[in-house]
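structure11.cif (mmCIF, C-alpha atoms) appears below.
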data_entry
#
loop_
_atom_site.label_atom_id
_atom_site.label_comp_id
_atom_site.auth_asym_id
_atom_site.auth_seq_id
_atom_site.Cartn_x
_atom_site.Cartn_y
_atom_site.Cartn_z
CA MET A 1 -45.79 28.62 0.75
CA SER A 2 -47.36 29.93 -2.41
CA ASP A 3 -45.11 27.65 -4.45
CA ALA A 4 -46.17 24.56 -2.61
CA THR A 5 -49.90 25.09 -2.46
CA ALA A 6 -51.43 27.54 -4.94
CA ILE A 7 -50.26 26.68 -8.44
CA ALA A 8 -50.68 29.58 -10.82
CA ALA A 9 -50.90 29.04 -14.56
CA THR A 10 -48.02 31.43 -15.04
CA ASP A 11 -44.87 31.88 -13.07
CA PRO A 12 -45.31 35.09 -11.03
CA ALA A 13 -41.60 35.88 -11.23
CA THR A 14 -41.25 35.68 -14.99
CA GLY A 15 -44.76 35.69 -16.42
CA ASN A 16 -43.87 32.57 -18.43
CA ALA A 17 -46.52 29.91 -18.85
CA ARG A 18 -45.87 26.86 -16.73
CA ALA A 19 -45.40 23.49 -18.30
CA PRO A 20 -47.44 20.65 -16.74
CA GLY A 21 -44.26 18.91 -15.58
CA ASP A 22 -42.83 22.09 -14.11
CA ALA A 23 -41.02 21.46 -10.85
CA VAL A 24 -42.85 24.26 -9.07
CA ALA A 25 -46.17 23.00 -10.37
CA ARG A 26 -45.31 19.61 -8.91
CA ALA A 27 -44.82 21.40 -5.58
CA ASP A 28 -41.29 20.20 -5.07
CA ALA A 29 -39.90 21.07 -1.72
CA TYR A 30 -36.27 21.18 -2.76
CA PRO A 31 -35.04 24.76 -3.13
CA HIS A 32 -33.39 25.54 -6.45
CA GLU A 33 -30.40 27.85 -6.89
CA HIS A 34 -31.43 31.50 -7.03
CA GLN A 35 -30.40 32.08 -10.66
CA PHE A 36 -32.99 29.59 -11.92
CA ASP A 37 -36.77 29.99 -12.17
CA ASN A 38 -37.38 26.52 -10.85
CA LEU A 39 -35.82 23.13 -10.26
CA ALA A 40 -36.76 21.81 -13.72
CA GLN A 41 -34.84 24.63 -15.38
CA GLN A 42 -31.89 24.02 -13.06
CA THR A 43 -31.91 20.31 -13.96
CA ASP A 44 -32.06 21.05 -17.70
CA ALA A 45 -29.21 23.55 -17.43
CA ALA A 46 -27.05 21.01 -15.60
CA ARG A 47 -27.72 18.34 -18.23
CA LEU A 48 -26.95 20.74 -21.05
CA GLY A 49 -23.74 21.89 -19.36
CA MET A 50 -22.62 18.31 -18.80
CA TRP A 51 -23.25 17.39 -22.43
CA LEU A 52 -21.29 20.46 -23.50
CA PHE A 53 -18.39 19.18 -21.41
CA LEU A 54 -18.80 15.70 -22.90
CA ALA A 55 -18.68 17.23 -26.41
CA THR A 56 -15.25 18.67 -25.54
CA GLU A 57 -14.28 15.25 -24.22
CA VAL A 58 -15.27 13.69 -27.55
CA LEU A 59 -12.80 16.05 -29.24
CA PHE A 60 -10.17 15.48 -26.52
CA PHE A 61 -10.21 11.76 -27.31
CA GLY A 62 -10.87 12.65 -30.96
CA GLY A 63 -7.31 13.88 -31.50
CA LEU A 64 -5.94 10.47 -30.61
CA PHE A 65 -8.69 8.71 -32.57
CA GLY A 66 -7.71 10.88 -35.55
CA ALA A 67 -4.03 9.93 -35.19
CA TYR A 68 -5.09 6.30 -34.98
CA THR A 69 -7.28 6.57 -38.11
CA ALA A 70 -4.58 8.25 -40.20
CA TYR A 71 -1.81 5.79 -39.27
CA ARG A 72 -4.14 2.83 -39.51
CA TYR A 73 -4.71 3.93 -43.11
CA VAL A 74 -1.02 4.52 -43.90
CA TYR A 75 0.34 1.41 -42.11
CA TYR A 76 -2.66 -0.81 -42.72
CA HIS A 77 -0.89 -4.16 -42.58
CA ALA A 78 1.39 -3.35 -39.62
CA PHE A 79 -1.58 -2.19 -37.52
CA ALA A 80 -3.40 -5.46 -38.21
CA GLU A 81 -0.30 -7.42 -37.13
CA ALA A 82 0.04 -5.27 -34.01
CA SER A 83 -3.63 -5.67 -33.12
CA ARG A 84 -3.23 -9.47 -33.16
CA GLU A 85 -0.63 -9.12 -30.41
CA LEU A 86 -3.27 -7.85 -27.97
CA SER A 87 -5.28 -10.31 -25.91
CA VAL A 88 -8.94 -10.55 -26.95
CA LEU A 89 -9.67 -12.25 -23.63
CA PHE A 90 -8.43 -9.22 -21.69
CA GLY A 91 -10.29 -6.85 -24.01
CA THR A 92 -13.55 -8.78 -23.65
CA LEU A 93 -13.20 -8.88 -19.85
CA ASP A 94 -12.48 -5.11 -19.80
CA THR A 95 -15.61 -4.45 -21.87
CA ALA A 96 -17.79 -6.78 -19.78
CA VAL A 97 -16.65 -5.12 -16.54
CA LEU A 98 -17.38 -1.63 -17.87
CA LEU A 99 -20.79 -2.62 -19.31
CA THR A 100 -21.77 -4.13 -15.95
CA SER A 101 -20.64 -0.96 -14.19
CA SER A 102 -22.83 1.08 -16.54
CA LEU A 103 -25.83 -1.04 -15.50
CA THR A 104 -25.17 -0.50 -11.77
CA MET A 105 -24.73 3.22 -12.47
CA ALA A 106 -28.04 3.39 -14.37
CA LEU A 107 -29.75 1.52 -11.51
CA ALA A 108 -28.36 4.07 -9.02
CA VAL A 109 -29.87 6.89 -11.10
CA PHE A 110 -33.13 4.93 -11.35
CA THR A 111 -33.25 4.49 -7.57
CA ALA A 112 -32.60 8.18 -6.96
CA GLN A 113 -35.23 9.24 -9.50
CA SER A 114 -37.94 7.01 -8.06
CA THR A 115 -37.38 7.72 -4.35
CA ALA A 116 -40.37 9.30 -2.61
CA ASP A 117 -39.94 12.44 -0.57
CA SER A 118 -40.28 10.98 2.92
CA PRO A 119 -37.49 10.73 5.49
CA ALA A 120 -37.82 6.95 5.77
CA ALA A 121 -37.87 6.34 1.99
CA ARG A 122 -34.96 8.69 1.46
CA ARG A 123 -32.85 7.06 4.16
CA ARG A 124 -33.59 3.58 2.78
CA SER A 125 -32.89 4.59 -0.84
CA GLY A 126 -29.81 6.56 0.17
CA ARG A 127 -28.08 3.35 1.19
CA THR A 128 -29.18 1.54 -1.97
CA ILE A 129 -27.88 4.39 -4.10
CA ALA A 130 -24.60 4.51 -2.18
CA LEU A 131 -24.09 0.74 -2.53
CA LEU A 132 -24.87 0.81 -6.26
CA LEU A 133 -22.42 3.70 -6.71
CA LEU A 134 -19.77 1.81 -4.71
CA ALA A 135 -20.37 -1.27 -6.87
CA THR A 136 -19.87 0.89 -9.95
CA ALA A 137 -16.67 2.37 -8.52
CA ALA A 138 -15.44 -1.12 -7.55
CA LEU A 139 -16.04 -2.38 -11.10
CA GLY A 140 -14.16 0.66 -12.39
CA ALA A 141 -11.28 -0.15 -10.06
CA GLY A 142 -11.45 -3.75 -11.30
CA PHE A 143 -11.10 -2.45 -14.84
CA LEU A 144 -7.96 -0.54 -13.83
CA VAL A 145 -6.48 -3.67 -12.18
CA LEU A 146 -7.21 -5.70 -15.34
CA HIS A 147 -5.48 -3.04 -17.37
CA GLY A 148 -2.52 -3.12 -15.02
CA PHE A 149 -2.09 -6.85 -15.68
CA GLU A 150 -2.49 -6.18 -19.39
CA TYR A 151 0.19 -3.47 -19.37
CA TYR A 152 2.50 -5.80 -17.43
CA GLU A 153 1.99 -8.52 -20.06
CA ASP A 154 2.64 -5.98 -22.85
CA TYR A 155 5.86 -4.94 -21.12
CA GLN A 156 7.03 -8.52 -20.72
CA GLU A 157 6.35 -9.20 -24.40
CA HIS A 158 8.52 -6.17 -25.29
CA HIS A 159 5.54 -4.22 -26.62
CA PHE A 160 6.11 -1.15 -24.49
CA PRO A 161 7.47 1.57 -26.84
CA GLY A 162 11.01 2.67 -26.20
CA ARG A 163 14.31 0.94 -25.50
CA THR A 164 12.77 -2.41 -24.59
CA PHE A 165 10.47 -2.58 -27.62
CA PHE A 166 11.00 -5.50 -29.96
CA PHE A 167 8.97 -6.80 -32.86
CA PRO A 168 10.46 -9.09 -35.51
CA GLY A 169 10.37 -8.10 -39.15
CA ALA A 170 10.66 -5.00 -41.29
CA GLU A 171 7.53 -3.35 -39.88
CA SER A 172 8.89 -3.09 -36.34
CA GLY A 173 8.76 0.71 -36.28
CA GLN A 174 5.19 0.82 -37.59
CA VAL A 175 4.08 -1.76 -35.03
CA GLU A 176 5.76 0.36 -32.36
CA LEU A 177 3.70 3.33 -33.57
CA PHE A 178 0.54 1.27 -33.02
CA PHE A 179 1.64 0.56 -29.46
CA ILE A 180 2.43 4.25 -28.83
CA ILE A 181 -1.13 5.12 -29.87
CA TYR A 182 -2.46 2.12 -27.90
CA PHE A 183 -0.78 3.26 -24.68
CA CYS A 184 -1.85 6.89 -25.18
CA LEU A 185 -5.48 5.98 -25.88
CA THR A 186 -5.86 3.38 -23.11
CA GLY A 187 -3.82 5.54 -20.73
CA LEU A 188 -6.03 8.58 -21.29
CA HIS A 189 -9.11 6.39 -20.96
CA SER A 190 -7.84 4.77 -17.75
CA LEU A 191 -7.18 8.23 -16.31
CA HIS A 192 -10.84 9.02 -16.96
CA VAL A 193 -11.87 5.77 -15.27
CA LEU A 194 -9.71 6.69 -12.26
CA ILE A 195 -11.36 10.13 -12.02
CA GLY A 196 -14.75 8.42 -12.29
CA VAL A 197 -13.93 5.97 -9.48
CA VAL A 198 -13.02 8.87 -7.16
CA LEU A 199 -16.10 10.84 -8.24
CA LEU A 200 -18.44 7.91 -7.61
CA ALA A 201 -16.87 7.19 -4.21
CA VAL A 202 -17.53 10.81 -3.21
CA MET A 203 -21.10 10.60 -4.55
CA ALA A 204 -21.66 7.38 -2.59
CA ALA A 205 -20.61 9.13 0.63
CA LEU A 206 -22.90 12.09 -0.15
CA SER A 207 -25.93 9.94 -0.93
CA TRP A 208 -25.62 7.56 2.06
CA LYS A 209 -27.88 9.61 4.36
CA GLY A 210 -30.62 10.21 1.79
CA ARG A 211 -29.52 13.48 0.24
CA TYR A 212 -30.89 12.55 -3.20
CA TYR A 213 -34.48 11.59 -4.06
CA GLY A 214 -37.04 11.98 -6.83
CA GLY A 215 -37.25 15.73 -6.35
CA TYR A 216 -33.50 16.30 -6.43
CA HIS A 217 -31.12 13.83 -8.05
CA ASN A 218 -29.11 16.02 -10.37
CA PRO A 219 -25.59 15.22 -9.08
CA ILE A 220 -26.22 11.47 -9.35
CA GLU A 221 -27.53 11.83 -12.88
CA ILE A 222 -24.63 14.06 -13.98
CA SER A 223 -22.07 11.66 -12.50
CA GLY A 224 -23.88 8.91 -14.38
CA LEU A 225 -23.52 10.80 -17.65
CA TYR A 226 -19.75 11.00 -17.08
CA TRP A 227 -19.48 7.31 -16.27
CA HIS A 228 -21.54 6.19 -19.26
CA PHE A 229 -19.43 8.42 -21.49
CA VAL A 230 -16.24 6.76 -20.28
CA ASP A 231 -17.89 3.40 -20.98
CA MET A 232 -18.85 4.56 -24.47
CA VAL A 233 -15.26 5.58 -25.27
CA TRP A 234 -14.17 2.05 -24.38
CA VAL A 235 -16.90 0.60 -26.62
CA PHE A 236 -15.01 2.21 -29.55
CA LEU A 237 -11.50 1.52 -28.24
CA PHE A 238 -12.17 -2.20 -27.89
CA PRO A 239 -12.84 -2.96 -31.60
CA LEU A 240 -10.31 -0.42 -32.90
CA LEU A 241 -7.45 -1.79 -30.80
CA TYR A 242 -8.28 -5.47 -30.32
CA LEU A 243 -10.57 -6.55 -33.17
CA ILE A 244 -9.35 -4.96 -36.43
CA ALA A 245 -7.78 -8.18 -37.71
CA PRO A 246 -9.38 -11.63 -37.71
CA ARG A 247 -7.69 -14.12 -35.41
CA MET B 1 -46.31 14.15 2.18
CA SER B 2 -49.23 15.06 4.44
CA ALA B 3 -50.86 18.42 3.70
CA ALA B 4 -51.20 19.10 0.00
CA PRO B 5 -53.27 16.68 -2.08
CA SER B 6 -50.80 16.90 -4.99
CA THR B 7 -47.78 15.79 -3.02
CA ALA B 8 -44.44 15.32 -4.67
CA SER B 9 -43.98 11.85 -3.26
CA GLN B 10 -44.91 10.02 -6.47
CA HIS B 11 -41.62 10.37 -8.29
CA ALA B 12 -41.23 8.11 -11.29
CA ALA B 13 -37.97 7.35 -12.99
CA GLU B 14 -37.97 8.13 -16.69
CA THR B 15 -36.60 4.74 -17.69
CA PRO B 16 -38.07 1.65 -16.00
CA ARG B 17 -35.68 -0.78 -14.31
CA SER B 18 -36.63 -3.59 -16.71
CA THR B 19 -35.58 -1.42 -19.68
CA LEU B 20 -32.19 -0.78 -18.07
CA VAL B 21 -31.61 -4.49 -17.47
CA LYS B 22 -32.74 -5.38 -21.00
CA ASN B 23 -30.39 -2.74 -22.36
CA ALA B 24 -27.47 -4.26 -20.45
CA VAL B 25 -28.39 -7.73 -21.76
CA ALA B 26 -28.50 -6.36 -25.33
CA LEU B 27 -25.07 -4.78 -24.84
CA PHE B 28 -23.65 -8.11 -23.63
CA VAL B 29 -25.19 -9.96 -26.61
CA LEU B 30 -23.59 -7.41 -28.95
CA LEU B 31 -20.27 -7.87 -27.14
CA GLY B 32 -20.55 -11.62 -27.75
CA ILE B 33 -21.33 -11.09 -31.44
CA THR B 34 -18.43 -8.68 -31.97
CA VAL B 35 -15.94 -11.03 -30.27
CA GLY B 36 -17.35 -14.00 -32.23
CA ALA B 37 -17.07 -12.10 -35.52
CA ASN B 38 -13.39 -11.54 -34.79
CA PHE B 39 -12.79 -15.28 -35.24
CA LEU B 40 -14.30 -15.24 -38.76
CA ASP B 41 -12.10 -14.07 -41.60
CA LEU B 42 -14.12 -11.37 -43.35
CA GLY B 43 -11.11 -9.63 -44.85
CA SER B 44 -11.44 -5.86 -44.65
CA PHE B 45 -15.01 -6.25 -43.42
CA ASN B 46 -13.87 -7.34 -39.95
CA VAL B 47 -13.34 -3.67 -39.09
CA VAL B 48 -16.65 -2.66 -40.67
CA VAL B 49 -18.61 -5.24 -38.67
CA ALA B 50 -16.77 -4.38 -35.43
CA LEU B 51 -17.36 -0.64 -35.86
CA LEU B 52 -21.01 -1.11 -36.83
CA ILE B 53 -21.61 -3.10 -33.64
CA ALA B 54 -19.71 -0.46 -31.64
CA LEU B 55 -21.98 2.24 -33.10
CA ILE B 56 -25.10 0.29 -32.10
CA LYS B 57 -23.69 -0.22 -28.58
CA ALA B 58 -22.85 3.48 -28.27
CA ALA B 59 -26.36 4.42 -29.44
CA LEU B 60 -27.90 2.10 -26.81
CA ILE B 61 -25.73 3.67 -24.10
CA VAL B 62 -26.48 7.25 -25.15
CA LEU B 63 -30.21 6.83 -25.75
CA ILE B 64 -31.15 4.51 -22.86
CA PHE B 65 -28.47 4.64 -20.15
CA MET B 66 -27.84 8.38 -20.62
CA GLU B 67 -31.59 8.90 -21.24
CA VAL B 68 -31.06 11.24 -24.19
CA ARG B 69 -34.27 9.92 -25.80
CA HIS B 70 -36.22 11.71 -23.03
CA ARG B 71 -34.38 15.00 -23.50
CA SER B 72 -35.18 18.22 -25.31
CA PRO B 73 -34.21 19.00 -28.94
CA VAL B 74 -31.62 21.48 -27.65
CA LEU B 75 -29.83 18.71 -25.78
CA TRP B 76 -30.00 16.45 -28.87
CA MET B 77 -28.24 19.21 -30.79
CA PHE B 78 -25.49 19.45 -28.16
CA VAL B 79 -25.01 15.68 -28.29
CA ALA B 80 -24.92 15.66 -32.09
CA ALA B 81 -22.55 18.65 -32.25
CA GLY B 82 -19.76 16.84 -30.38
CA PHE B 83 -19.86 13.87 -32.72
CA PHE B 84 -20.34 16.08 -35.79
CA TRP B 85 -17.09 17.97 -35.09
CA LEU B 86 -15.30 14.67 -34.57
CA LEU B 87 -16.67 13.50 -37.92
CA LEU B 88 -15.45 16.71 -39.59
CA MET B 89 -11.98 16.26 -38.11
CA LEU B 90 -11.73 12.63 -39.24
CA MET B 91 -13.05 13.48 -42.72
CA MET B 92 -10.56 16.29 -43.25
CA THR B 93 -7.68 14.18 -41.94
CA MET B 94 -8.59 11.34 -44.26
CA ALA B 95 -9.17 13.72 -47.20
CA ASP B 96 -5.46 14.50 -46.84
CA TYR B 97 -4.04 11.04 -46.16
CA SER B 98 -6.22 9.15 -48.62
CA THR B 99 -5.34 11.40 -51.56
CA ARG B 100 -1.57 11.64 -51.04
CA SER B 101 -0.89 8.70 -53.32
CA ALA B 102 -2.95 10.21 -56.15
CA LEU B 103 0.13 12.17 -57.20
CA PRO B 104 3.45 10.52 -58.06
CA PRO B 105 6.08 11.10 -55.34
CA ASP B 106 8.07 13.45 -57.59
CA TRP B 107 5.10 15.41 -58.90
CA LEU B 108 6.51 18.81 -58.02
CA HIS B 109 9.92 18.02 -59.53
CA ARG B 110 8.20 17.09 -62.76
CA THR B 111 6.87 20.61 -63.04
CA GLY B 112 10.51 21.72 -63.28
CA ARG B 113 10.07 24.49 -60.77
CA THR B 114 12.17 23.07 -57.98
CA ASN B 115 15.24 20.95 -57.63
CA HIS B 116 16.38 21.65 -54.10
CA VAL B 117 13.49 20.65 -51.83
CA ASP B 118 13.08 17.12 -50.53
CA PHE B 119 9.35 16.47 -50.77
CA SER B 120 9.65 12.89 -49.56
CA VAL B 121 9.46 14.16 -45.97
CA GLY B 122 6.31 12.95 -44.33
CA ARG B 123 5.71 10.22 -46.87
CA PRO B 124 5.96 6.53 -46.08
CA ALA B 125 9.41 5.25 -47.00
CA PRO B 126 9.44 3.72 -50.51
CA ALA B 127 11.02 0.54 -49.12
CA ALA B 128 7.90 -0.22 -47.04
CA PRO B 129 4.87 0.83 -49.09
CA ALA B 130 1.42 0.68 -47.52
CA SER B 131 0.39 -2.78 -48.68
CA ARG B 132 -3.27 -3.58 -49.01
#
Would you write the structure of this file as structure tokens?
Amino acid sequence: MSDATAIAATDPATGNARAPGDAVARADAYPHEHQFDNLAQQTDAARLGMWLFLATEVLFFGGLFGAYTAYRYVYYHAFAEASRELSVLFGTLDTAVLLTSSLTMALAVFTAQSTADSPAARRRSGRTIALLLLATAALGAGFLVLHGFEYYEDYQEHHFPGRTFFFPGAESGQVELFFIIYFCLTGLHSLHVLIGVVLLAVMAALSWKGRYYGGYHNPIEISGLYWHFVDMVWVFLFPLLYLIAPR
Amino acid sequence: MSAAPSTASQHAAETPRSTLVKNAVALFVLLGITVGANFLDLGSFNVVVALLIALIKAALIVLIFMEVRHRSPVLWMFVAAGFFWLLLMLMMTMADYSTRSALPPDWLHRTGRTNHVDFSVGRPAPAAPASR
């Protein structure tokens, strides 16, 4: 009651001065978790925590990027030859699909952020958010299907490392090393896309009935951060794997 | 919605929809440029151009789609830290690999202190030198 109506200059619980944009000062109705002073602090903590996780993800992918960088330097010519074997058309389509999915994801976050706190508005927006999230997940699934076709083509062209691998010339082993790194990098990335597709499908189900609105949209935003991160990893994989040598 | 004059119903998104759409268009234009540049022979600069465009695309995604430009300095530091450690790792890896050829392959043998250790392990085979 006191939170929603009388806005004190300082927070009675902590004695801290309130910022103008403070969630309590804006009289938000959504209850925050008990360990936080207010919803704004809870939101900031969630963002910070997610970015901490994403920093570990940067290093998780970083190990493979490091292996790529070192061997690209040592086997410079072989990696250029190997890169030419990949299909730029597939790579461009992959990138376009993921960039589009990032837009639908950002629009879902936008819709959640700008939804007014009324039952009708929340119900209406809930469906929009859910459909945008499903579109994002569908594009992610499309990316995985595209990659499946790509892997199949690689296998048929004897580019899958192992017994069936074949590449003419003296640099066969070095080209095979490129493809080992290629399959590890794209495989790890595709696993992240798969996790994202499941995550977004769950978020779509949760948001359908208007759970998220301008006052509380944290889970949508955090899922969005994950999805955009996965997109960003691909933005670097695409040139490093497909575009290092002129066609 | 009804009682208090300062109701919470006027929620505004931090990034307008038009900015999000423009950002996506910019990303697609950059994708077109990077694919187009792949059909020009720029020698070693093909990689440089491709990575430069990738960096711009990543910055657009982080700043606008992930809304980091609206976030606090603490969050900026967390974002920068992840990439800074990656940079450190790549720099130290390359400090090793890029200086290996500065010494002749038999540098330790020339010192006369060893004649029983094969130091060619881990080096590219002499038959297939890294050609640039």
May I ask which of the residues A:Thr136, A:Thr164, A:Ser190, A:Thr95 is the closest one to chain B, counting only C-alpha atoms?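 Residue with the minimum atom-to-atom distance to chain B: A:Thr95.
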Please return, as a PyMOL selection string, all residues of chain A lying within 6 Å of chain B when only C-alpha atoms are considered. chain A and resi 28+48+55+66+74-75+106+110+113-114+116-117+214+225+232+235-236+239+243-244+246-247
What does the file look like for those residues with C-alpha atoms, as a PDB file, in the coordinates of the input?
ATOM      1  CA  ASP A  28     -41.290  20.200  -5.070  1.00  0.00           C
ATOM      2  CA  LEU A  48     -26.950  20.740 -21.050  1.00  0.00           C
ATOM      3  CA  ALA A  55     -18.680  17.230 -26.410  1.00  0.00           C
ATOM      4  CA  GLY A  66      -7.710  10.880 -35.550  1.00  0.00           C
ATOM      5  CA  VAL A  74      -1.020   4.520 -43.900  1.00  0.00           C
ATOM      6  CA  TYR A  75       0.340   1.410 -42.110  1.00  0.00           C
ATOM      7  CA  ALA A 106     -28.040   3.390 -14.370  1.00  0.00           C
ATOM      8  CA  PHE A 110     -33.130   4.930 -11.350  1.00  0.00           C
ATOM      9  CA  GLN A 113     -35.230   9.240  -9.500  1.00  0.00           C
ATOM     10  CA  SER A 114     -37.940   7.010  -8.060  1.00  0.00           C
ATOM     11  CA  ALA A 116     -40.370   9.300  -2.610  1.00  0.00           C
ATOM     12  CA  ASP A 117     -39.940  12.440  -0.570  1.00  0.00           C
ATOM     13  CA  GLY A 214     -37.040  11.980  -6.830  1.00  0.00           C
ATOM     14  CA  LEU A 225     -23.520  10.800 -17.650  1.00  0.00           C
ATOM     15  CA  MET A 232     -18.850   4.560 -24.470  1.00  0.00           C
ATOM     16  CA  VAL A 235     -16.900   0.600 -26.620  1.00  0.00           C
ATOM     17  CA  PHE A 236     -15.010   2.210 -29.550  1.00  0.00           C
ATOM     18  CA  PRO A 239     -12.840  -2.960 -31.600  1.00  0.00           C
ATOM     19  CA  LEU A 243     -10.570  -6.550 -33.170  1.00  0.00           C
ATOM     20  CA  ILE A 244      -9.350  -4.960 -36.430  1.00  0.00           C
ATOM     21  CA  PRO A 246      -9.380 -11.630 -37.710  1.00  0.00           C
ATOM     22  CA  ARG A 247      -7.690 -14.120 -35.410  1.00  0.00           C
TER      23      ARG A 247
END
What does the structure give for the distance between CA of Cys184 in chain A and CA of Phe160 in chain A, in Å to one decimal? 11.3 Å
Using all atoms listed in the file, determine which residues lie at most 12 Å from Ala45 in chain A, disregarding the query and same-chain residues fewer than 3 positions distant; provide the list as an MDAnalysis selection string. (chainID A and resid 32:33 35:42 48:52 218 222) or (chainID B and resid 71:72 74:75)
Written as a ChimeraX atom specification, which residues does the PyMOL selection byres ((chain A and resi 192-204) around 9) give for the file shown? /A:126-127,129-134,136-141,143-144,187-191,205-208,219-220,223-224,226-227,230-231
Rounded to one decimal place, report the CA of Tyr151 in chain A-CA of Ile33 in chain B distance in Å.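 Taking CA of Tyr151 in chain A and CA of Ile33 in chain B, their separation equals 25.8 Å.
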Just to confirm, what's the straight-line distance from CA of Leu64 in chain A to CA of His159 in chain A in Å (one decimal)?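 So the answer is 19.1 Å.
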